[in-house]
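Text of query10.pdb (PDB, C-alpha atoms and all ligand atoms) as supplied:
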```pdb
ATOM      1  CA  MET A  46      75.223 116.211 100.214
ATOM      2  CA  ARG A  47      75.897 118.495  97.290
ATOM      3  CA  PRO A  48      75.128 117.211  93.799
ATOM      4  CA  GLN A  49      78.130 115.553  92.207
ATOM      5  CA  GLN A  50      79.176 115.430  88.613
ATOM      6  CA  LYS A  51      78.797 112.083  86.902
ATOM      7  CA  ALA A  52      82.062 110.208  86.980
ATOM      8  CA  SER A  53      82.396 109.574  83.214
ATOM      9  CA  GLY A  54      83.414 105.932  83.339
ATOM     10  CA  LYS A  55      86.223 106.116  85.895
ATOM     11  CA  LEU A  56      87.204 102.588  86.857
ATOM     12  CA  VAL A  57      86.804 101.535  90.487
ATOM     13  CA  LEU A  58      88.115  98.220  91.798
ATOM     14  CA  LEU A  59      86.049  96.930  94.709
ATOM     15  CA  VAL A  60      87.824  94.315  96.844
ATOM     16  CA  GLU A  61      85.202  92.749  99.100
ATOM     17  CA  ASP A  62      84.139  89.181  99.804
ATOM     18  CA  GLU A  63      80.523  89.692 100.919
ATOM     19  CA  PRO A  64      78.247  89.367  97.872
ATOM     20  CA  ASP A  65      75.523  91.641  99.332
ATOM     21  CA  MET A  66      78.014  94.423  99.987
ATOM     22  CA  VAL A  67      79.478  94.023  96.515
ATOM     23  CA  ARG A  68      76.034  94.243  94.941
ATOM     24  CA  GLY A  69      74.928  97.286  96.951
ATOM     25  CA  LEU A  70      78.140  99.247  96.478
ATOM     26  CA  ARG A  71      78.399  98.352  92.823
ATOM     27  CA  ASP A  72      74.868  99.670  92.225
ATOM     28  CA  ALA A  73      75.593 102.922  94.058
ATOM     29  CA  MET A  74      78.846 103.521  92.188
ATOM     30  CA  GLU A  75      77.485 102.562  88.783
ATOM     31  CA  PHE A  76      74.532 104.874  89.355
ATOM     32  CA  GLU A  77      77.099 107.682  89.679
ATOM     33  CA  GLY A  78      78.712 106.744  86.390
ATOM     34  CA  PHE A  79      81.655 104.722  87.659
ATOM     35  CA  THR A  80      82.647 101.488  85.981
ATOM     36  CA  VAL A  81      83.083  98.858  88.684
ATOM     37  CA  ILE A  82      85.121  95.675  88.726
ATOM     38  CA  SER A  83      85.328  93.525  91.830
ATOM     39  CA  ALA A  84      87.548  90.975  93.495
ATOM     40  CA  GLY A  85      86.641  88.634  96.364
ATOM     41  CA  THR A  86      90.128  88.157  97.792
ATOM     42  CA  GLY A  87      93.223  90.284  98.317
ATOM     43  CA  GLU A  88      95.221  88.184  95.907
ATOM     44  CA  GLU A  89      92.647  88.649  93.156
ATOM     45  CA  GLY A  90      92.460  92.368  94.015
ATOM     46  CA  ILE A  91      96.195  92.867  93.602
ATOM     47  CA  GLY A  92      96.086  91.021  90.293
ATOM     48  CA  LYS A  93      93.266  93.217  88.987
ATOM     49  CA  ALA A  94      94.900  96.387  90.301
ATOM     50  CA  ARG A  95      97.974  95.608  88.215
ATOM     51  CA  LYS A  96      96.166  94.383  85.136
ATOM     52  CA  ASP A  97      93.227  96.807  84.891
ATOM     53  CA  LYS A  98      94.843  99.970  86.361
ATOM     54  CA  PRO A  99      91.734 101.275  88.185
ATOM     55  CA  HIS A 100      91.429 104.982  89.024
ATOM     56  CA  LEU A 101      90.618 104.050  92.627
ATOM     57  CA  ILE A 102      90.377 100.974  94.867
ATOM     58  CA  VAL A 103      87.730 100.399  97.530
ATOM     59  CA  LEU A 104      89.353  97.848  99.810
ATOM     60  CA  ASP A 105      87.598  95.955 102.580
ATOM     61  CA  LEU A 106      89.676  95.290 105.673
ATOM     62  CA  MET A 107      88.179  91.887 106.431
ATOM     63  CA  LEU A 108      88.952  89.520 103.605
ATOM     64  CA  PRO A 109      89.551  85.780 103.536
ATOM     65  CA  GLY A 110      93.272  85.078 103.524
ATOM     66  CA  GLU A 111      95.316  88.244 103.258
ATOM     67  CA  ASP A 112      93.457  91.152 104.873
ATOM     68  CA  GLY A 113      93.004  94.663 103.508
ATOM     69  CA  LEU A 114      95.977  96.116 105.378
ATOM     70  CA  ALA A 115      98.333  93.542 103.907
ATOM     71  CA  VAL A 116      96.910  94.193 100.446
ATOM     72  CA  CYS A 117      97.343  97.938 100.885
ATOM     73  CA  ARG A 118     100.903  97.480 102.098
ATOM     74  CA  ARG A 119     101.774  95.242  99.181
ATOM     75  CA  LEU A 120     100.338  97.662  96.633
ATOM     76  CA  ARG A 121     102.171 100.632  98.113
ATOM     77  CA  GLY A 122     105.314  98.543  98.488
ATOM     78  CA  ALA A 123     105.171  97.878  94.757
ATOM     79  CA  GLY A 124     104.976 101.603  94.081
ATOM     80  CA  GLU A 125     101.253 101.718  93.214
ATOM     81  CA  THR A 126      99.975 105.265  93.784
ATOM     82  CA  VAL A 127      96.305 104.535  92.994
ATOM     83  CA  PRO A 128      94.015 106.099  95.638
ATOM     84  CA  ILE A 129      92.666 103.552  98.148
ATOM     85  CA  ILE A 130      89.598 103.889 100.364
ATOM     86  CA  MET A 131      89.564 101.321 103.145
ATOM     87  CA  LEU A 132      86.333  99.847 104.517
ATOM     88  CA  THR A 133      86.479  98.851 108.178
ATOM     89  CA  ALA A 134      83.986  97.394 110.625
ATOM     90  CA  LYS A 135      82.768  99.375 113.614
ATOM     91  CA  GLY A 136      85.183  99.559 116.535
ATOM     92  CA  GLU A 137      88.304  99.035 114.494
ATOM     93  CA  ASP A 138      89.798 102.402 115.396
ATOM     94  CA  VAL A 139      93.336 101.150 115.708
ATOM     95  CA  ASP A 140      93.090  99.449 112.385
ATOM     96  CA  ARG A 141      91.694 102.605 110.875
ATOM     97  CA  ILE A 142      94.738 104.585 111.843
ATOM     98  CA  VAL A 143      97.080 101.842 110.786
ATOM     99  CA  GLY A 144      95.183 101.685 107.523
ATOM    100  CA  LEU A 145      95.964 105.313 106.795
ATOM    101  CA  GLU A 146      99.572 104.782 107.810
ATOM    102  CA  MET A 147      99.734 101.872 105.418
ATOM    103  CA  GLY A 148      98.976 104.300 102.635
ATOM    104  CA  ALA A 149      95.202 104.320 102.344
ATOM    105  CA  ASP A 150      93.796 107.719 101.333
ATOM    106  CA  ASP A 151      90.625 107.514 103.373
ATOM    107  CA  TYR A 152      88.542 105.031 105.338
ATOM    108  CA  LEU A 153      84.898 104.441 106.040
ATOM    109  CA  GLY A 154      83.507 102.490 109.016
ATOM    110  CA  LYS A 155      80.762  99.914 108.353
ATOM    111  CA  PRO A 156      77.852 100.272 108.318
ATOM    112  CA  PHE A 157      77.673 103.301 106.038
ATOM    113  CA  ASN A 158      75.347 104.737 103.460
ATOM    114  CA  PRO A 159      76.612 103.830  99.960
ATOM    115  CA  ARG A 160      76.086 107.471  99.016
ATOM    116  CA  GLU A 161      78.678 108.406 101.638
ATOM    117  CA  LEU A 162      81.159 106.091  99.942
ATOM    118  CA  VAL A 163      80.421 107.722  96.594
ATOM    119  CA  ALA A 164      80.997 111.176  98.123
ATOM    120  CA  ARG A 165      84.343 109.992  99.559
ATOM    121  CA  ILE A 166      85.361 108.562  96.189
ATOM    122  CA  HIS A 167      84.669 111.906  94.530
ATOM    123  CA  ALA A 168      86.632 113.756  97.208
ATOM    124  CA  VAL A 169      89.648 111.438  97.013
ATOM    125  CA  LEU A 170      89.728 111.578  93.206
ATOM    126  CA  ARG A 171      89.464 115.369  93.305
ATOM    127  CA  ARG A 172      92.376 115.622  95.741
ATOM    128  CA  GLN A 173      94.401 113.266  93.562
ATOM    129  CA  THR A 174      93.742 115.409  90.483
ATOM    130  CA  GLU A 175      94.784 118.550  92.336
ATOM    131  CA  ARG A 176      97.951 116.881  93.616
ATOM    132  CA  LEU A 177      98.920 115.709  90.154
ATOM    133  CA  ALA A 178      98.231 119.114  88.640
ATOM    134  CA  LEU A 179     100.519 120.754  91.163
ATOM    135  CA  ALA A 180     103.254 118.131  91.096
ATOM    136  CA  ALA A 181     103.671 117.807  87.358
ATOM    137  CA  PRO A 182     104.205 120.590  84.865
ATOM    138  CA  ALA A 183     100.644 121.130  83.627
ATOM    139  CA  ALA A 184     101.698 121.009  80.012
ATOM    140  CA  GLU A 185     104.898 121.408  78.117
ATOM    141  CA  GLY A 186     106.187 124.933  78.431
ATOM    142  CA  THR A 187     103.986 125.880  81.382
ATOM    143  CA  MET A 188     104.348 125.932  85.148
ATOM    144  CA  ALA A 189     101.828 126.376  87.947
ATOM    145  CA  PHE A 190     102.206 129.661  89.802
ATOM    146  CA  GLY A 191      99.711 130.480  92.539
ATOM    147  CA  PRO A 192      96.280 130.338  90.905
ATOM    148  CA  PHE A 193      97.896 130.924  87.502
ATOM    149  CA  LEU A 194      99.636 128.998  84.783
ATOM    150  CA  LEU A 195     102.921 130.516  83.642
ATOM    151  CA  ASP A 196     103.518 130.263  79.905
ATOM    152  CA  LEU A 197     107.293 130.086  79.640
ATOM    153  CA  ALA A 198     107.519 130.978  75.957
ATOM    154  CA  ALA A 199     105.009 133.826  75.890
ATOM    155  CA  ARG A 200     106.019 135.025  79.407
ATOM    156  CA  THR A 201     102.381 135.390  80.369
ATOM    157  CA  LEU A 202     100.285 134.299  83.337
ATOM    158  CA  HIS A 203      96.978 132.625  82.514
ATOM    159  CA  GLY A 204      93.974 131.949  84.718
ATOM    160  CA  GLY A 205      92.532 135.413  85.242
ATOM    161  CA  PRO A 206      90.066 137.262  83.009
ATOM    162  CA  GLU A 207      92.971 138.386  80.791
ATOM    163  CA  PRO A 208      96.455 136.924  80.304
ATOM    164  CA  ILE A 209      99.015 138.967  82.257
ATOM    165  CA  ARG A 210     102.101 139.889  80.256
ATOM    166  CA  LEU A 211     105.241 139.967  82.435
ATOM    167  CA  THR A 212     108.315 142.125  82.022
ATOM    168  CA  THR A 213     111.654 140.332  81.706
ATOM    169  CA  GLY A 214     112.442 141.036  85.349
ATOM    170  CA  GLU A 215     109.044 139.903  86.603
ATOM    171  CA  PHE A 216     109.200 136.789  84.464
ATOM    172  CA  SER A 217     112.628 135.761  85.808
ATOM    173  CA  LEU A 218     111.454 136.252  89.358
ATOM    174  CA  VAL A 219     108.192 134.337  88.859
ATOM    175  CA  ARG A 220     110.118 131.462  87.326
ATOM    176  CA  VAL A 221     112.517 131.324  90.283
ATOM    177  CA  PHE A 222     109.621 131.279  92.769
ATOM    178  CA  ALA A 223     107.736 128.622  90.782
ATOM    179  CA  GLN A 224     110.858 126.437  90.721
ATOM    180  CA  HIS A 225     111.349 126.754  94.499
ATOM    181  CA  PRO A 226     107.951 126.265  96.149
ATOM    182  CA  ARG A 227     107.940 126.449  99.979
ATOM    183  CA  GLN A 228     111.637 127.325 100.016
ATOM    184  CA  PRO A 229     112.417 130.583 101.822
ATOM    185  CA  LEU A 230     114.750 132.521  99.540
ATOM    186  CA  ALA A 231     117.042 135.302 100.722
ATOM    187  CA  ARG A 232     117.034 138.505  98.685
ATOM    188  CA  GLU A 233     120.606 137.905  97.473
ATOM    189  CA  LYS A 234     119.765 134.375  96.395
ATOM    190  CA  LEU A 235     116.643 135.555  94.581
ATOM    191  CA  MET A 236     118.687 138.181  92.812
ATOM    192  CA  LEU A 237     121.326 135.666  91.824
ATOM    193  CA  LEU A 238     118.803 133.121  90.559
ATOM    194  CA  ALA A 239     116.713 135.669  88.699
ATOM    195  CA  ARG A 240     119.447 137.814  87.225
ATOM    196  CA  GLY A 241     122.617 135.747  87.232
ATOM    197  CA  ARG A 242     125.900 136.995  88.591
ATOM    198  CA  ASP A 243     126.017 140.229  86.660
ATOM    199  CA  HIS A 244     123.198 141.984  88.412
ATOM    200  CA  ASP A 245     123.891 145.568  89.296
ATOM    201  CA  VAL A 246     120.772 146.342  91.258
ATOM    202  CA  PHE A 247     120.465 146.880  94.967
ATOM    203  CA  ASP A 248     118.704 144.440  97.275
ATOM    204  CA  ARG A 249     115.691 146.700  97.560
ATOM    205  CA  ALA A 250     115.033 146.224  93.856
ATOM    206  CA  ILE A 251     113.821 142.715  94.712
ATOM    207  CA  ASP A 252     111.327 144.188  97.180
ATOM    208  CA  VAL A 253     110.031 146.508  94.482
ATOM    209  CA  GLN A 254     109.686 143.627  92.014
ATOM    210  CA  VAL A 255     107.946 141.422  94.569
ATOM    211  CA  SER A 256     105.547 144.173  95.469
ATOM    212  CA  ARG A 257     104.749 144.668  91.754
ATOM    213  CA  LEU A 258     104.176 140.925  91.356
ATOM    214  CA  ARG A 259     101.880 140.881  94.371
ATOM    215  CA  LYS A 260      99.740 143.574  92.753
ATOM    216  CA  LEU A 261      99.475 141.368  89.682
ATOM    217  CA  ILE A 262      98.683 138.031  91.295
ATOM    218  CA  GLU A 263      97.511 138.446  94.879
ATOM    219  CA  PRO A 264      93.772 138.740  95.616
ATOM    220  CA  ASP A 265      94.807 141.115  98.436
ATOM    221  CA  PRO A 266      98.345 142.429  97.872
ATOM    222  CA  ALA A 267      98.469 143.812 101.436
ATOM    223  CA  ASN A 268      97.942 140.293 102.803
ATOM    224  CA  PRO A 269      99.882 138.108 100.405
ATOM    225  CA  ARG A 270      98.933 134.429 100.152
ATOM    226  CA  TYR A 271     101.355 133.244  97.497
ATOM    227  CA  LEU A 272     104.402 135.479  97.849
ATOM    228  CA  GLN A 273     104.956 135.712 101.562
ATOM    229  CA  THR A 274     107.553 137.721 103.426
ATOM    230  CA  VAL A 275     110.126 135.852 105.472
ATOM    231  CA  TRP A 276     110.800 138.565 107.954
ATOM    232  CA  GLY A 277     114.382 139.868 107.936
ATOM    233  CA  PHE A 278     115.364 137.365 105.257
ATOM    234  CA  GLY A 279     113.499 137.367 101.991
ATOM    235  CA  TYR A 280     110.471 135.687 100.478
ATOM    236  CA  VAL A 281     108.797 132.321 100.115
ATOM    237  CA  TYR A 282     106.415 131.163  97.416
ATOM    238  CA  VAL A 283     103.499 129.138  98.817
ATOM    239  CA  PRO A 284     101.667 127.116  96.120
ATOM    240  CA  ALA A 285      97.912 127.402  95.698
ATOM    241  CA  ASP A 286      96.901 124.280  97.631
ATOM    242  CA  GLU A 287      98.724 125.434 100.759
ATOM    243  CA  ALA A 288      98.133 129.145 100.509
ATOM    244  CA  LEU A 289      95.057 129.173 102.721
ATOM    245  CA  ALA A 290      96.978 127.926 105.749
ATOM    246  CA  PRO A 291      98.532 130.679 107.883
ATOM    247  CA  ALA A 292     102.253 130.811 107.134
ATOM    248  CA  ALA A 293     104.825 130.351 109.853
ATOM    249  CA  SER A 294     106.928 132.915 108.038
ATOM    250  CA  ASP A 295     104.453 135.787 108.478
ATOM    251  CA  PRO A 296     105.850 138.786 110.286
ATOM    252  CA  PRO A 297     104.713 139.332 113.857
ATOM    253  CA  GLU A 298     101.406 141.079 114.439
ATOM    254  CA  GLY A 299     101.586 144.741 113.539
ATOM    255  CA  ALA A 300     105.035 144.560 111.952
ATOM    256  CA  PRO A 301     105.507 146.547 108.737
ATOM    257  CA  ARG A 302     105.919 144.562 105.527
TER     258      ARG A 302
HETATM  259 CA    CA B   1      84.633  91.548 104.045
END
```

Mind converting the file's structure to structure tokens?
Ligand code: CA
Amino acid sequence: MRPQQKASGKLVLLVEDEPDMVRGLRDAMEFEGFTVISAGTGEEGIGKARKDKPHLIVLDLMLPGEDGLAVCRRLRGAGETVPIIMLTAKGEDVDRIVGLEMGADDYLGKPFNPRELVARIHAVLRRQTERLALAAPAAEGTMAFGPFLLDLAARTLHGGPEPIRLTTGEFSLVRVFAQHPRQPLAREKLMLLARGRDHDVFDRAIDVQVSRLRKLIEPDPANPRYLQTVWGFGYVYVPADEALAPAASDPPEGAPR
């Protein structure tokens, strides 16, 4: 296990009825810097989830009264997006799957090493942070673009050793891509969105601009990760978290770009 950063007081709600489990898991999480509150029933857990707004919930499947799946379903049904790690007993494979379908973020089969739970908590929180960073505008006046942050006022890309200053044309194009992640855009549409109706450039001008942008932002411009070619159509912007997956839109093997 790689060393983890201390969790600077993030609040974890542990919903579990067995006192020994509660004690052991609480110790392991508090040792890592988490603040832990606990609940012995689903009902109490839901109440604390609403009142105390934990950063994450560790939810045991087997609880007196309402079980963990029902609790998970009720929380998600009420629009709670807090990450949930479900604890299951050995041999509950079906329940494990159902648990994830109910909206849990991860599960762990008992018995487990408390350190494994702590590692899962870190991983789930990290994924959550990345998701939020990509979903929401990072700050007012900025947008995520590939591994960069686009400053809309200064028209610069931040995240590399030096800020990259964009030309007006590059900036318009970057903004269009950033506003349409995962959406294949035809050249004409790109042109229209970037330049408005009065453009007087030929289609190929978009290819030139895209190839210039790739030189600015791609680790390997010959094998673009973020600005991918949709063969015979146009281009698609693939955000950073998905850029490592091979794109369905890549041209066939050996085809020119
Ligand atoms: Ca239990």

- Long-range neighbours of Met107 of chain A as a list in words, 9 Å cut-off, all atoms listed in the file, 4 positions minimum in chain: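 Counting only the stated atoms, we get Glu61, Asp62, Glu111, Asp112, Gly113, Leu114, Leu132, Thr133 and Ala134 of chain A.
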
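Of the listed residues A:Asp150, A:Asp97, A:Ile130, A:Lys155, the one whose atoms come nearest to ligand CA 1 (chain B) is A:Lys155, with distances taken using only C-alpha atoms and all ligand atoms.
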
- Task: Determine the residue set returned by the PyMOL selection byres (((chain A and resi 88) around 12) and not hetatm) for the present structure, and present it as a PyMOL selection string.
- Result: chain A and resi 60-62+83-87+89-95+104+108-113+115-117+119-120

- Task: Point out the residue among A:Leu211, A:Met188, A:Leu59, A:Val169 with the least atom-to-atom distance to ligand CA 1 (chain B), counting all atoms listed in the file.
- Result: A:Leu59

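If you measure from each of A:Val57, A:Met236, A:Ile251, A:Leu106 to ligand CA 1 (chain B) using all atoms listed in the file, the closest one turns out to be A:Leu106.
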
- Query: Counting all atoms listed in the file, what is within 9 Å of Met74 of chain A, bar same-chain residues fewer than 4 positions away, as a VMD selection string?
  - Reply: chain A and resid 57 69 to 70 78 to 81 159 to 160 162 to 163

How about saving the chosen residues, C-alpha atoms kept, as a compact mmCIF listing (two decimals), in the coordinates of the input?
```
# COMPACT_ATOMS: atom_id res chain seq x y z
CA VAL A 57 86.80 101.54 90.49
CA GLY A 69 74.93 97.29 96.95
CA LEU A 70 78.14 99.25 96.48
CA GLY A 78 78.71 106.74 86.39
CA PHE A 79 81.66 104.72 87.66
CA THR A 80 82.65 101.49 85.98
CA VAL A 81 83.08 98.86 88.68
CA PRO A 159 76.61 103.83 99.96
CA ARG A 160 76.09 107.47 99.02
CA LEU A 162 81.16 106.09 99.94
CA VAL A 163 80.42 107.72 96.59
```

- Task: Would you list the residues near (111.6, 131.3, 80.6) (no more than 9 Å away, in the coordinates of the file, using only C-alpha atoms) as a PyMOL selection string?
- Result: chain A and resi 186+196-200+216-217+220

- Message: I'd like to know which of A:Gln224, A:Thr201, A:Ser256, A:Thr126 is closest to Leu272 of chain A, using only C-alpha atoms.
- Response: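 Smallest separation from Leu272 of chain A among the options: A:Ser256.
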
- Selection under test: the PyMOL selection byres (((chain A and resi 234) around 12) and not hetatm); residues as a ChimeraX atom specification: /A:218,221-222,225,228-233,235-242,244,248,251,278-281

Dig up all the protein and nucleic acid residues within 6 Å of (110.4, 144.4, 89.4) in the file frame, using all atoms listed in the file, and format them as a compact mmCIF listing (two decimals) with C-alpha atoms, in the coordinates of the input.
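As a result, result-v2.txt now contains:
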```txt
# COMPACT_ATOMS: atom_id res chain seq x y z
CA GLY A 214 112.44 141.04 85.35
CA GLU A 215 109.04 139.90 86.60
CA VAL A 253 110.03 146.51 94.48
CA GLN A 254 109.69 143.63 92.01
```

- Query: Which residue gives the smallest distance to ligand CA 1 (chain B) among A:Leu56, A:Val67, A:Ala164, A:Val127, with all atoms listed in the file counted?
  - Reply: A:Val67

Using the chain letters and numbers from this file, what does the PyMOL selection byres (((chain A and resi 128) around 10) and not hetatm) select? Give the answer as a PDB file with C-alpha atoms, in the frame of the given file.
```
ATOM      1  CA  VAL A  57      86.804 101.535  90.487  1.00  0.00           C
ATOM      2  CA  PRO A  99      91.734 101.275  88.185  1.00  0.00           C
ATOM      3  CA  HIS A 100      91.429 104.982  89.024  1.00  0.00           C
ATOM      4  CA  LEU A 101      90.618 104.050  92.627  1.00  0.00           C
ATOM      5  CA  ILE A 102      90.377 100.974  94.867  1.00  0.00           C
ATOM      6  CA  VAL A 103      87.730 100.399  97.530  1.00  0.00           C
ATOM      7  CA  GLU A 125     101.253 101.718  93.214  1.00  0.00           C
ATOM      8  CA  THR A 126      99.975 105.265  93.784  1.00  0.00           C
ATOM      9  CA  VAL A 127      96.305 104.535  92.994  1.00  0.00           C
ATOM     10  CA  ILE A 129      92.666 103.552  98.148  1.00  0.00           C
ATOM     11  CA  ILE A 130      89.598 103.889 100.364  1.00  0.00           C
ATOM     12  CA  MET A 131      89.564 101.321 103.145  1.00  0.00           C
ATOM     13  CA  GLY A 148      98.976 104.300 102.635  1.00  0.00           C
ATOM     14  CA  ALA A 149      95.202 104.320 102.344  1.00  0.00           C
ATOM     15  CA  ASP A 150      93.796 107.719 101.333  1.00  0.00           C
ATOM     16  CA  ASP A 151      90.625 107.514 103.373  1.00  0.00           C
ATOM     17  CA  ILE A 166      85.361 108.562  96.189  1.00  0.00           C
ATOM     18  CA  VAL A 169      89.648 111.438  97.013  1.00  0.00           C
ATOM     19  CA  LEU A 170      89.728 111.578  93.206  1.00  0.00           C
ATOM     20  CA  ARG A 172      92.376 115.622  95.741  1.00  0.00           C
ATOM     21  CA  GLN A 173      94.401 113.266  93.562  1.00  0.00           C
TER      22      GLN A 173
END
```

Might I get the box with edges along x, y and z of the file that holds all atoms of segment 99-116 of chain A listed there, padded by 4 Å on every side, given as centre and edge lengths in Å to one decimal, as JSON?
```
{"center_x": 93.0, "center_y": 95.0, "center_z": 97.3, "size_x": 18.7, "size_y": 27.9, "size_z": 26.2}
```

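Between atom CA of Gly204 of chain A and atom CA of Gly191 of chain A the separation is 9.8 Å.
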
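Minimum atom-to-atom distances from A:Thr174, A:Gln273, A:Asn158, A:Thr187 to His203 of chain A were compared using all atoms listed in the file, and the lowest value belongs to A:Thr187.
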
- Query: What is the atom CA of Thr274 of chain A to atom CA of Arg257 of chain A distance in Å?
  - Reply: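 It comes out at 13.9 Å.
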